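Asker: my_file_9.txt is reproduced below (compact mmCIF, C-alpha atoms and all ligand atoms).
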```
# COMPACT_ATOMS: atom_id res chain seq x y z
CA MET M 1 37.94 -9.94 32.11
CA GLY M 2 34.36 -10.74 33.08
CA TYR M 3 32.07 -12.88 30.94
CA LEU M 4 30.35 -9.98 29.13
CA GLU M 5 33.62 -8.33 28.18
CA ILE M 6 34.97 -11.60 26.77
CA ALA M 7 31.69 -12.27 24.94
CA GLN M 8 31.54 -8.78 23.45
CA LYS M 9 35.16 -9.03 22.29
CA LYS M 10 34.52 -12.39 20.64
CA LEU M 11 31.43 -10.98 18.91
CA GLU M 12 33.43 -8.03 17.51
CA GLU M 13 35.98 -10.49 16.10
CA ILE M 14 33.35 -12.27 13.99
CA ARG M 15 30.92 -9.42 13.28
CA ASN M 16 31.96 -8.99 9.65
CA LYS M 17 32.82 -12.61 8.96
CA ASP M 18 30.68 -15.24 7.24
CA ASP M 19 32.42 -18.47 8.12
CA TYR M 20 31.69 -19.01 11.82
CA TYR M 21 29.15 -21.38 13.37
CA ILE M 22 26.03 -20.26 15.22
CA LEU M 23 24.17 -22.64 17.53
CA ALA M 24 20.51 -21.56 17.44
CA VAL M 25 17.89 -22.50 20.03
CA GLU M 26 14.13 -22.09 19.58
CA THR M 27 11.59 -23.04 22.27
CA SER M 28 8.83 -20.45 21.86
CA CYS M 29 5.87 -22.83 21.53
CA ASP M 30 5.51 -26.60 21.15
CA GLU M 31 8.58 -27.36 19.07
CA THR M 32 12.00 -27.75 20.67
CA ALA M 33 14.39 -26.86 17.86
CA VAL M 34 18.17 -26.57 17.59
CA ALA M 35 20.20 -25.73 14.50
CA ILE M 36 23.78 -25.02 13.57
CA THR M 37 24.07 -22.42 10.85
CA ARG M 38 26.92 -20.66 9.05
CA GLY M 39 26.00 -17.46 7.23
CA LYS M 40 22.78 -18.26 5.35
CA ASP M 41 23.51 -22.01 5.31
CA ILE M 42 22.05 -24.73 7.48
CA ILE M 43 24.71 -27.12 8.71
CA SER M 44 22.27 -29.17 10.80
CA SER M 45 18.71 -28.63 12.02
CA VAL M 46 16.77 -30.83 14.43
CA ILE M 47 13.25 -30.47 15.79
CA SER M 48 11.39 -32.36 18.47
CA SER M 49 7.70 -31.76 17.98
CA GLN M 50 5.30 -32.04 20.89
CA ILE M 51 2.22 -32.24 18.67
CA GLU M 52 1.37 -35.79 19.75
CA ILE M 53 1.56 -34.76 23.42
CA HIS M 54 -0.71 -31.70 23.04
CA LYS M 55 -3.15 -33.34 20.60
CA ARG M 56 -5.12 -34.98 23.40
CA PHE M 57 -5.77 -31.56 24.95
CA GLY M 58 -6.87 -30.01 21.64
CA GLY M 59 -4.14 -27.33 21.80
CA VAL M 60 -0.82 -26.40 23.42
CA VAL M 61 -0.77 -26.60 27.23
CA PRO M 62 1.98 -24.10 28.19
CA GLU M 63 3.20 -25.87 31.35
CA ILE M 64 3.46 -29.20 29.55
CA ALA M 65 5.31 -27.51 26.67
CA SER M 66 7.92 -26.06 29.08
CA ARG M 67 8.50 -29.41 30.78
CA ASN M 68 9.00 -31.17 27.48
CA HIS M 69 11.45 -28.51 26.26
CA ILE M 70 13.52 -29.22 29.39
CA LEU M 71 13.47 -32.94 28.64
CA SER M 72 14.48 -32.52 24.98
CA ILE M 73 16.87 -29.62 24.72
CA GLY M 74 20.11 -31.24 25.91
CA ASN M 75 19.76 -34.22 23.60
CA LEU M 76 18.77 -32.05 20.64
CA VAL M 77 21.90 -29.92 21.02
CA LYS M 78 24.01 -33.10 21.06
CA GLU M 79 22.18 -34.38 17.99
CA ALA M 80 22.64 -31.10 16.10
CA LEU M 81 26.39 -31.15 16.85
CA GLU M 82 26.70 -34.80 15.80
CA LYS M 83 24.81 -34.23 12.55
CA ALA M 84 27.04 -31.24 11.77
CA ASP M 85 30.13 -33.25 12.73
CA LEU M 86 31.14 -30.44 15.09
CA GLU M 87 31.98 -30.05 18.77
CA PHE M 88 31.10 -27.34 21.30
CA LYS M 89 34.51 -25.74 20.79
CA ASP M 90 33.64 -25.06 17.13
CA ILE M 91 30.64 -22.86 18.03
CA SER M 92 31.24 -19.08 18.05
CA VAL M 93 27.81 -17.72 19.06
CA ILE M 94 24.56 -18.90 20.62
CA ALA M 95 21.40 -17.41 19.11
CA VAL M 96 18.25 -17.81 21.14
CA THR M 97 14.58 -16.90 20.67
CA TYR M 98 13.68 -14.59 23.60
CA GLY M 99 10.12 -13.75 22.41
CA ALA M 100 7.36 -13.71 21.27
CA GLY M 101 5.84 -16.93 22.54
CA LEU M 102 4.83 -18.79 25.68
CA LEU M 103 6.77 -17.34 28.58
CA GLY M 104 7.62 -20.62 30.33
CA ALA M 105 8.59 -22.26 27.04
CA LEU M 106 10.83 -19.34 26.01
CA LEU M 107 12.51 -19.38 29.44
CA VAL M 108 13.78 -22.91 28.89
CA GLY M 109 15.66 -21.87 25.74
CA VAL M 110 16.93 -18.64 27.28
CA ALA M 111 18.15 -20.38 30.46
CA TYR M 112 19.82 -23.13 28.44
CA ALA M 113 21.52 -20.58 26.19
CA LYS M 114 22.84 -18.65 29.19
CA ALA M 115 24.23 -21.76 30.89
CA LEU M 116 25.92 -22.96 27.72
CA ALA M 117 27.29 -19.51 26.91
CA TYR M 118 28.77 -19.28 30.41
CA ALA M 119 30.36 -22.73 30.13
CA LEU M 120 31.82 -22.04 26.66
CA LYS M 121 32.59 -18.35 27.30
CA ILE M 122 30.94 -17.34 24.03
CA PRO M 123 28.41 -14.58 23.23
CA ILE M 124 24.61 -14.92 23.22
CA VAL M 125 22.58 -12.97 20.68
CA LYS M 126 18.83 -12.67 21.32
CA ILE M 127 16.45 -13.11 18.37
CA ASN M 128 12.82 -12.18 17.92
CA HIS M 129 10.76 -15.20 16.82
CA ILE M 130 8.66 -13.25 14.30
CA LYS M 131 11.72 -11.72 12.65
CA GLY M 132 13.20 -15.24 12.63
CA HIS M 133 10.30 -16.42 10.45
CA VAL M 134 11.04 -13.61 7.97
CA TYR M 135 14.71 -14.70 7.77
CA ALA M 136 13.79 -18.25 6.69
CA ASN M 137 13.54 -16.62 3.26
CA PHE M 138 17.24 -15.75 3.25
CA ILE M 139 18.09 -19.44 3.74
CA SER M 140 15.91 -20.60 0.84
CA HIS M 141 16.61 -17.65 -1.47
CA LYS M 142 20.28 -16.76 -1.13
CA ASP M 143 20.11 -13.78 -3.48
CA LEU M 144 17.15 -12.13 -1.70
CA GLU M 145 17.80 -8.43 -1.30
CA THR M 146 16.05 -5.85 0.87
CA PRO M 147 13.69 -4.05 0.84
CA PHE M 148 10.83 -6.48 0.23
CA ILE M 149 7.33 -7.16 1.47
CA CYS M 150 6.86 -10.09 3.84
CA LEU M 151 3.53 -11.73 4.57
CA LEU M 152 3.97 -13.33 7.97
CA ALA M 153 1.13 -15.66 9.00
CA SER M 154 1.58 -17.95 11.98
CA GLY M 155 -0.35 -19.23 14.99
CA GLY M 156 0.22 -16.03 16.93
CA HIS M 157 0.82 -13.33 14.30
CA THR M 158 -0.52 -12.11 10.97
CA GLU M 159 1.27 -9.12 9.52
CA ILE M 160 2.37 -7.51 6.30
CA LEU M 161 5.86 -6.12 6.80
CA GLU M 162 8.09 -3.93 4.71
CA VAL M 163 11.52 -5.41 5.49
CA TYR M 164 14.60 -3.16 5.29
CA ASN M 165 16.86 -5.14 7.61
CA TYR M 166 16.73 -7.00 10.95
CA ASN M 167 16.23 -3.82 12.95
CA GLU M 168 13.96 -2.02 10.52
CA MET M 169 10.66 -3.64 9.65
CA ASN M 170 7.70 -1.44 8.95
CA THR M 171 4.24 -2.91 9.67
CA LEU M 172 1.83 -2.11 6.81
CA GLY M 173 -1.03 -4.17 8.18
CA LYS M 174 -1.78 -6.70 10.91
CA THR M 175 -4.59 -8.64 12.46
CA LEU M 176 -6.76 -6.74 14.88
CA ASP M 177 -7.91 -9.91 16.64
CA ASP M 178 -7.13 -13.59 15.89
CA ALA M 179 -4.09 -14.68 13.89
CA ALA M 180 -4.67 -16.64 10.68
CA GLY M 181 -3.20 -19.87 12.13
CA GLU M 182 -5.27 -19.43 15.27
CA ALA M 183 -8.41 -19.22 13.10
CA PHE M 184 -7.40 -22.44 11.29
CA ASP M 185 -6.90 -24.14 14.68
CA LYS M 186 -10.23 -22.94 16.11
CA VAL M 187 -12.27 -23.79 13.00
CA ALA M 188 -10.66 -27.26 12.94
CA ARG M 189 -11.75 -27.79 16.53
CA VAL M 190 -15.37 -26.88 15.68
CA LEU M 191 -15.24 -29.40 12.82
CA GLY M 192 -13.92 -32.07 15.20
CA LEU M 193 -10.48 -32.19 13.57
CA PRO M 194 -7.39 -32.65 15.77
CA TYR M 195 -4.68 -30.11 16.67
CA PRO M 196 -2.91 -28.46 14.86
CA GLY M 197 -5.80 -27.38 12.69
CA GLY M 198 -3.96 -25.88 9.72
CA PRO M 199 -2.76 -29.08 8.05
CA GLN M 200 -6.02 -30.85 9.01
CA ILE M 201 -8.20 -28.17 7.38
CA GLU M 202 -5.95 -28.22 4.32
CA ASN M 203 -6.34 -31.98 4.02
CA CYS M 204 -10.09 -31.96 4.62
CA ALA M 205 -10.59 -29.09 2.13
CA LYS M 206 -9.13 -31.19 -0.71
CA GLU M 207 -12.39 -33.13 -0.94
CA GLY M 208 -14.62 -30.05 -0.65
CA LYS M 209 -16.05 -27.16 -2.64
CA ASN M 210 -16.27 -23.47 -1.85
CA THR M 211 -20.03 -23.45 -1.32
CA VAL M 212 -20.54 -21.91 2.14
CA VAL M 213 -20.84 -18.13 1.92
CA LEU M 214 -18.58 -16.49 4.53
CA PRO M 215 -17.96 -12.81 5.33
CA ARG M 216 -14.89 -10.75 4.35
CA ALA M 217 -13.82 -8.23 7.00
CA PHE M 218 -13.15 -4.60 5.97
CA LYS M 219 -14.56 -5.13 2.48
CA GLY M 220 -13.83 -2.11 0.31
CA GLU M 221 -11.64 -0.42 2.94
CA LYS M 222 -8.24 0.82 1.87
CA HIS M 223 -5.99 -0.53 4.61
CA PHE M 224 -4.12 -3.81 4.94
CA ASN M 225 -5.30 -4.95 8.37
CA PHE M 226 -6.92 -8.30 8.97
CA SER M 227 -9.70 -9.58 11.20
CA TYR M 228 -10.28 -13.30 11.58
CA SER M 229 -12.73 -13.34 14.45
CA GLY M 230 -15.78 -12.60 12.23
CA LEU M 231 -14.83 -15.35 9.78
CA LYS M 232 -14.23 -17.81 12.63
CA THR M 233 -17.56 -16.91 14.28
CA ALA M 234 -19.41 -17.25 10.95
CA VAL M 235 -18.09 -20.82 10.60
CA ILE M 236 -18.98 -21.62 14.23
CA ASN M 237 -22.52 -20.22 13.74
CA TYR M 238 -22.94 -22.14 10.49
CA VAL M 239 -21.94 -25.42 12.18
CA HIS M 240 -24.10 -24.80 15.28
CA ASN M 241 -27.11 -23.86 13.14
CA LYS M 242 -26.81 -27.06 11.16
CA GLU M 243 -26.43 -29.07 14.35
CA MET M 244 -29.55 -27.51 15.87
CA LYS M 245 -31.57 -28.37 12.78
CA VAL M 246 -30.04 -31.87 12.89
CA GLU M 247 -28.80 -31.33 9.34
CA GLU M 248 -25.69 -32.99 8.06
CA ILE M 249 -22.56 -30.86 7.74
CA ASN M 250 -20.28 -31.35 4.77
CA LYS M 251 -17.01 -30.83 6.64
CA ALA M 252 -14.96 -30.77 3.47
CA ASP M 253 -17.08 -27.96 2.00
CA VAL M 254 -16.86 -25.96 5.25
CA ALA M 255 -13.08 -26.49 5.39
CA CYS M 256 -12.68 -25.51 1.72
CA SER M 257 -14.90 -22.41 2.06
CA PHE M 258 -13.09 -21.28 5.21
CA GLN M 259 -9.64 -21.91 3.71
CA THR M 260 -10.55 -20.07 0.50
CA GLU M 261 -11.58 -16.98 2.44
CA ALA M 262 -8.79 -17.20 5.05
CA VAL M 263 -6.00 -17.35 2.47
CA GLY M 264 -7.83 -15.16 -0.07
CA VAL M 265 -7.67 -12.13 2.19
CA LEU M 266 -3.97 -12.75 2.91
CA ILE M 267 -3.21 -12.86 -0.81
CA ASP M 268 -5.34 -9.83 -1.74
CA HIS M 269 -3.94 -7.57 0.99
CA THR M 270 -0.33 -8.59 0.39
CA ILE M 271 -0.52 -8.03 -3.37
CA SER M 272 -2.31 -4.67 -2.84
CA ALA M 273 0.33 -3.59 -0.30
CA ALA M 274 3.17 -4.54 -2.66
CA LYS M 275 1.53 -2.57 -5.47
CA LYS M 276 0.80 0.47 -3.33
CA TYR M 277 4.33 0.63 -1.92
CA LYS M 278 5.89 -0.34 -5.28
CA HIS M 279 7.69 -3.50 -4.19
CA LYS M 280 8.64 -6.13 -6.73
CA THR M 281 9.33 -8.94 -4.24
CA ILE M 282 7.02 -10.63 -1.74
CA ALA M 283 8.41 -13.19 0.72
CA VAL M 284 6.03 -15.41 2.67
CA ALA M 285 6.72 -16.74 6.18
CA GLY M 286 5.20 -18.50 9.21
CA GLY M 287 3.33 -21.76 9.73
CA VAL M 288 0.36 -20.80 7.55
CA ALA M 289 2.81 -20.32 4.65
CA ALA M 290 2.97 -24.13 4.56
CA ASN M 291 -0.62 -24.07 3.23
CA THR M 292 -0.79 -25.18 -0.40
CA ALA M 293 -3.81 -23.02 -1.27
CA LEU M 294 -1.94 -19.96 0.01
CA ARG M 295 1.30 -20.96 -1.74
CA GLU M 296 -0.34 -21.57 -5.10
CA GLY M 297 -2.70 -18.61 -4.80
CA ILE M 298 -0.04 -16.05 -3.98
CA LYS M 299 2.37 -17.46 -6.56
CA ASN M 300 -0.29 -17.09 -9.29
CA ALA M 301 -1.30 -13.63 -8.08
CA GLY M 302 2.40 -12.69 -8.21
CA ILE M 303 2.71 -13.86 -11.82
CA LYS M 304 -0.44 -11.90 -12.78
CA ASN M 305 0.87 -8.73 -11.16
CA LYS M 306 4.53 -9.16 -12.19
CA ILE M 307 5.67 -9.48 -8.58
CA ASN M 308 8.29 -12.04 -7.58
CA VAL M 309 6.86 -14.30 -4.84
CA LEU M 310 9.28 -16.27 -2.65
CA LEU M 311 8.18 -19.28 -0.62
CA PRO M 312 10.54 -21.10 1.74
CA PRO M 313 10.14 -24.90 1.81
CA LYS M 314 7.37 -25.96 4.18
CA ASN M 315 9.75 -27.14 6.91
CA LEU M 316 11.24 -23.63 7.08
CA CYS M 317 7.77 -22.02 7.32
CA THR M 318 6.75 -23.82 10.52
CA ASP M 319 8.83 -23.32 13.68
CA ASN M 320 12.50 -24.25 13.38
CA ALA M 321 15.83 -23.02 14.76
CA ALA M 322 17.63 -22.58 11.41
CA MET M 323 15.65 -19.37 10.81
CA ILE M 324 16.82 -18.10 14.22
CA GLY M 325 20.44 -18.80 13.25
CA ALA M 326 20.03 -17.01 9.90
CA ALA M 327 18.41 -14.00 11.60
CA ALA M 328 21.29 -13.89 14.11
CA TYR M 329 23.87 -13.81 11.31
CA PHE M 330 22.23 -10.65 9.91
CA ALA M 331 21.58 -9.13 13.35
CA ILE M 332 25.27 -9.57 14.22
CA LYS M 333 26.31 -7.83 10.99
CA GLU M 334 23.99 -4.97 11.97
CA GLY M 335 25.64 -4.56 15.36
CA ALA M 336 23.61 -6.75 17.74
CA PRO M 337 25.24 -6.71 21.20
CA ALA M 338 26.28 -9.72 23.26
CA GLU M 339 23.69 -10.25 25.99
CA ASN M 340 24.56 -10.63 29.64
CA PHE M 341 22.93 -13.01 32.08
CA SER M 342 20.07 -10.64 32.86
CA LEU M 343 18.63 -11.56 29.43
CA ASP M 344 14.99 -12.44 29.99
CA ALA M 345 12.22 -14.00 27.93
CA ASP M 346 9.51 -11.63 26.69
CA ALA M 347 6.20 -13.29 25.74
CA ASN M 348 5.06 -10.20 23.81
CA ALA M 349 8.29 -9.20 22.06
O1 LIG M 401 4.88 -20.47 12.71
P1 LIG M 401 4.25 -21.58 13.45
O2 LIG M 401 4.82 -22.96 13.28
O3 LIG M 401 4.21 -21.27 14.99
C1 LIG M 401 3.92 -19.99 15.48
O4 LIG M 401 4.85 -19.16 15.54
O5 LIG M 401 2.72 -19.78 15.76
O6 LIG M 401 2.70 -21.58 13.03
C2 LIG M 401 1.81 -22.51 13.56
C3 LIG M 401 0.46 -22.25 12.94
C4 LIG M 401 -0.65 -23.11 13.52
O7 LIG M 401 -1.76 -22.30 13.81
C5 LIG M 401 -0.94 -24.10 12.41
O8 LIG M 401 -2.29 -24.55 12.40
C6 LIG M 401 -0.62 -23.27 11.18
O9 LIG M 401 0.51 -22.53 11.53
N1 LIG M 401 -0.32 -24.14 10.03
C7 LIG M 401 -1.07 -24.16 8.91
C8 LIG M 401 -0.53 -25.17 8.09
N2 LIG M 401 0.54 -25.72 8.73
C9 LIG M 401 0.66 -25.06 9.93
N3 LIG M 401 -2.14 -23.43 8.55
C10 LIG M 401 -2.70 -23.70 7.35
N4 LIG M 401 -2.25 -24.67 6.53
C11 LIG M 401 -1.18 -25.44 6.84
N5 LIG M 401 -0.74 -26.39 6.03
ZN ZN M 402 6.48 -19.47 14.74
```
Go ahead and express the file in the form of structure tokens.

Answerer:
Amino acid sequence: MGYLEIAQKKLEEIRNKDDYYILAVETSCDETAVAITRGKDIISSVISSQIEIHKRFGGVVPEIASRNHILSIGNLVKEALEKADLEFKDISVIAVTYGAGLLGALLVGVAYAKALAYALKIPIVKINHIKGHVYANFISHKDLETPFICLLASGGHTEILEVYNYNEMNTLGKTLDDAAGEAFDKVARVLGLPYPGGPQIENCAKEGKNTVVLPRAFKGEKHFNFSYSGLKTAVINYVHNKEMKVEEINKADVACSFQTEAVGVLIDHTISAAKKYKHKTIAVAGGVAANTALREGIKNAGIKNKINVLLPPKNLCTDNAAMIGAAAYFAIKEGAPAENFSLDADANA
């Protein structure tokens, strides 16, 4: 039997089981992450962040990210196994993020997964990074049932999804330009705050007030799409105007005003979408879901509107491999095939 036949057979043997171990690999951006999961449980999860490396460039440099994934991945897999007190022979499946993300960075994870799968003669299941973020909610809320609404806000994506299962997610609204996290990062840069901007803006905003008037895109329109480029440009213009007049900028007030608007629109659209489509549960996902103003705001809006709002812990909102393992568990149950060695990374998946 060739590799694919063996892999497919092994996948069929576990498809309806819950007690096997998945080794999950995530290298889509600047975090090298490996986790071992079983069903919806995390057995071990390790992350090597490259933030300190990219900070000096003010953002992620793709080539540098790829090189650092190569340096870290082997040791992280060893560490994940050690922490789980398991060996390679205990692993039944490798789950790997194949997209969306930086092509070179994704390729490191995909190539590693293929090599390991060949050596161990076990199946590879490919996982979409965005769907992975959604599945972080199944780890933190074990009784979560579909369908539900998911607000996904990360550095590359901002979407409101109606989630039926891994293969069926209906997009109710999405950004037409910048992603929410991207806007946080760009506004932080204009304010002279380091990368990544989200946590920096959040911190800076604590000392500020919502005093700078900023625009809301699509005001009064009845769809759930987002646009962050107008908001971002308004902040940039405000800062440049002040600089030209040699007036002092209250960074905390700018950060607070931007954050209030940036998360306000996420909350308003998500609650409206849940009401329109009669959903009683909203799950939140992606790096921006680590933002306290968003977490508190959407939780309170949920209480007001009698909608159950689920928030994974912050370390499951930002990039991690445990969410990829959890997504794989569900994808396998739904019939995901074993991949062969032609599996490729897809930056726009
Ligand atoms: O999901 P994620 O870790 O990676 C992507 O898939 O993009 O999201 C990263 C994004 C960055 O833009 C970062 O600035 C933003 O999430 N972020 C935050 C916070 N923590 C991370 N944005 C706002 N507030 C935060 N606390
Ligand atoms: Zn992500």

Asker: Measure the distance from atom O6 of ligand LIG 401 (chain M) to CA of Ala111 (chain M) in Å and round it to one decimal.

Answerer: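 Separation of atom O6 of ligand LIG 401 (chain M) and CA of Ala111 (chain M): 23.3 Å.
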
Asker: What gap, in Å, lies between CA of Asn203 (chain M) and CA of Lys186 (chain M)?

Answerer: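 Here the two named atoms are 15.6 Å from each other.
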
Asker: Hey, can you check how far CA of Asp344 (chain M) sits from CA of Ala113 (chain M)?

Answerer: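 Going from CA of Asp344 (chain M) over to CA of Ala113 (chain M) covers 11.1 Å.
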
Asker: Just want the 10 Å neighbourhood of Asn300 (chain M), counted on all atoms listed in the file, with same-chain residues fewer than 6 positions away dropped. Output as a ChimeraX atom specification.

Answerer: /M:267,294,306-307,309

Asker: Would you name the residues within 9 Å of ligand LIG 401 (chain M), counting only C-alpha atoms and all ligand atoms, and put them as an NGL selection string?

Answerer: :M and (28-31 or 100-101 or 129-130 or 133 or 152-157 or 179-186 or 188 or 195-203 or 259 or 263 or 285-294 or 314 or 316-320)

Asker: Take the selection from the previous step and output its residues with C-alpha atoms, as a PDB file, keeping the file's coordinate frame.

Answerer:
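Final output, result18.pdb:
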```pdb
ATOM      1  CA  SER M  28       8.830 -20.450  21.860  1.00  0.00           C
ATOM      2  CA  CYS M  29       5.870 -22.830  21.530  1.00  0.00           C
ATOM      3  CA  ASP M  30       5.510 -26.600  21.150  1.00  0.00           C
ATOM      4  CA  GLU M  31       8.580 -27.360  19.070  1.00  0.00           C
ATOM      5  CA  ALA M 100       7.360 -13.710  21.270  1.00  0.00           C
ATOM      6  CA  GLY M 101       5.840 -16.930  22.540  1.00  0.00           C
ATOM      7  CA  HIS M 129      10.760 -15.200  16.820  1.00  0.00           C
ATOM      8  CA  ILE M 130       8.660 -13.250  14.300  1.00  0.00           C
ATOM      9  CA  HIS M 133      10.300 -16.420  10.450  1.00  0.00           C
ATOM     10  CA  LEU M 152       3.970 -13.330   7.970  1.00  0.00           C
ATOM     11  CA  ALA M 153       1.130 -15.660   9.000  1.00  0.00           C
ATOM     12  CA  SER M 154       1.580 -17.950  11.980  1.00  0.00           C
ATOM     13  CA  GLY M 155      -0.350 -19.230  14.990  1.00  0.00           C
ATOM     14  CA  GLY M 156       0.220 -16.030  16.930  1.00  0.00           C
ATOM     15  CA  HIS M 157       0.820 -13.330  14.300  1.00  0.00           C
ATOM     16  CA  ALA M 179      -4.090 -14.680  13.890  1.00  0.00           C
ATOM     17  CA  ALA M 180      -4.670 -16.640  10.680  1.00  0.00           C
ATOM     18  CA  GLY M 181      -3.200 -19.870  12.130  1.00  0.00           C
ATOM     19  CA  GLU M 182      -5.270 -19.430  15.270  1.00  0.00           C
ATOM     20  CA  ALA M 183      -8.410 -19.220  13.100  1.00  0.00           C
ATOM     21  CA  PHE M 184      -7.400 -22.440  11.290  1.00  0.00           C
ATOM     22  CA  ASP M 185      -6.900 -24.140  14.680  1.00  0.00           C
ATOM     23  CA  LYS M 186     -10.230 -22.940  16.110  1.00  0.00           C
ATOM     24  CA  ALA M 188     -10.660 -27.260  12.940  1.00  0.00           C
ATOM     25  CA  TYR M 195      -4.680 -30.110  16.670  1.00  0.00           C
ATOM     26  CA  PRO M 196      -2.910 -28.460  14.860  1.00  0.00           C
ATOM     27  CA  GLY M 197      -5.800 -27.380  12.690  1.00  0.00           C
ATOM     28  CA  GLY M 198      -3.960 -25.880   9.720  1.00  0.00           C
ATOM     29  CA  PRO M 199      -2.760 -29.080   8.050  1.00  0.00           C
ATOM     30  CA  GLN M 200      -6.020 -30.850   9.010  1.00  0.00           C
ATOM     31  CA  ILE M 201      -8.200 -28.170   7.380  1.00  0.00           C
ATOM     32  CA  GLU M 202      -5.950 -28.220   4.320  1.00  0.00           C
ATOM     33  CA  ASN M 203      -6.340 -31.980   4.020  1.00  0.00           C
ATOM     34  CA  GLN M 259      -9.640 -21.910   3.710  1.00  0.00           C
ATOM     35  CA  VAL M 263      -6.000 -17.350   2.470  1.00  0.00           C
ATOM     36  CA  ALA M 285       6.720 -16.740   6.180  1.00  0.00           C
ATOM     37  CA  GLY M 286       5.200 -18.500   9.210  1.00  0.00           C
ATOM     38  CA  GLY M 287       3.330 -21.760   9.730  1.00  0.00           C
ATOM     39  CA  VAL M 288       0.360 -20.800   7.550  1.00  0.00           C
ATOM     40  CA  ALA M 289       2.810 -20.320   4.650  1.00  0.00           C
ATOM     41  CA  ALA M 290       2.970 -24.130   4.560  1.00  0.00           C
ATOM     42  CA  ASN M 291      -0.620 -24.070   3.230  1.00  0.00           C
ATOM     43  CA  THR M 292      -0.790 -25.180  -0.400  1.00  0.00           C
ATOM     44  CA  ALA M 293      -3.810 -23.020  -1.270  1.00  0.00           C
ATOM     45  CA  LEU M 294      -1.940 -19.960   0.010  1.00  0.00           C
ATOM     46  CA  LYS M 314       7.370 -25.960   4.180  1.00  0.00           C
ATOM     47  CA  LEU M 316      11.240 -23.630   7.080  1.00  0.00           C
ATOM     48  CA  CYS M 317       7.770 -22.020   7.320  1.00  0.00           C
ATOM     49  CA  THR M 318       6.750 -23.820  10.520  1.00  0.00           C
ATOM     50  CA  ASP M 319       8.830 -23.320  13.680  1.00  0.00           C
ATOM     51  CA  ASN M 320      12.500 -24.250  13.380  1.00  0.00           C
TER      52      ASN M 320
END
```

Asker: When distances are computed from all atoms listed in the file, which of M:Ile36, M:Val235, M:Ile324, M:Ala65 shows the smallest separation from ligand ZN 402 (chain M)?

Answerer: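 Nearest to ligand ZN 402 (chain M): M:Ile324.
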
Asker: For Leu151 (chain M), which residue out of M:Leu311, M:Val110, M:Ala336, M:Leu86 is the nearest one, using only C-alpha atoms?

Answerer: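 Of the candidates, the smallest distance to Leu151 (chain M) is held by M:Leu311.
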
Asker: Name all residues at most 12 Å from region 244-250 of chain M (count all atoms listed in the file; drop same-chain ones fewer than 4 positions away) and give them as a PDB file with C-alpha atoms, in the coordinates of the input.

Answerer:
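Result file is around-v5.pdb:
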```pdb
ATOM      1  CA  VAL M 190     -15.370 -26.880  15.680  1.00  0.00           C
ATOM      2  CA  LEU M 191     -15.240 -29.400  12.820  1.00  0.00           C
ATOM      3  CA  GLY M 192     -13.920 -32.070  15.200  1.00  0.00           C
ATOM      4  CA  CYS M 204     -10.090 -31.960   4.620  1.00  0.00           C
ATOM      5  CA  ALA M 205     -10.590 -29.090   2.130  1.00  0.00           C
ATOM      6  CA  GLU M 207     -12.390 -33.130  -0.940  1.00  0.00           C
ATOM      7  CA  GLY M 208     -14.620 -30.050  -0.650  1.00  0.00           C
ATOM      8  CA  LYS M 209     -16.050 -27.160  -2.640  1.00  0.00           C
ATOM      9  CA  ASN M 210     -16.270 -23.470  -1.850  1.00  0.00           C
ATOM     10  CA  THR M 211     -20.030 -23.450  -1.320  1.00  0.00           C
ATOM     11  CA  VAL M 212     -20.540 -21.910   2.140  1.00  0.00           C
ATOM     12  CA  VAL M 235     -18.090 -20.820  10.600  1.00  0.00           C
ATOM     13  CA  ILE M 236     -18.980 -21.620  14.230  1.00  0.00           C
ATOM     14  CA  ASN M 237     -22.520 -20.220  13.740  1.00  0.00           C
ATOM     15  CA  TYR M 238     -22.940 -22.140  10.490  1.00  0.00           C
ATOM     16  CA  VAL M 239     -21.940 -25.420  12.180  1.00  0.00           C
ATOM     17  CA  HIS M 240     -24.100 -24.800  15.280  1.00  0.00           C
ATOM     18  CA  VAL M 254     -16.860 -25.960   5.250  1.00  0.00           C
ATOM     19  CA  ALA M 255     -13.080 -26.490   5.390  1.00  0.00           C
ATOM     20  CA  CYS M 256     -12.680 -25.510   1.720  1.00  0.00           C
ATOM     21  CA  SER M 257     -14.900 -22.410   2.060  1.00  0.00           C
TER      22      SER M 257
END
```

Asker: When you count only C-alpha atoms and all ligand atoms, which of these residues is closest to ligand ZN 402 (chain M): M:Ala328, M:Val163, M:Ala24, M:Val134?

Answerer: M:Val134
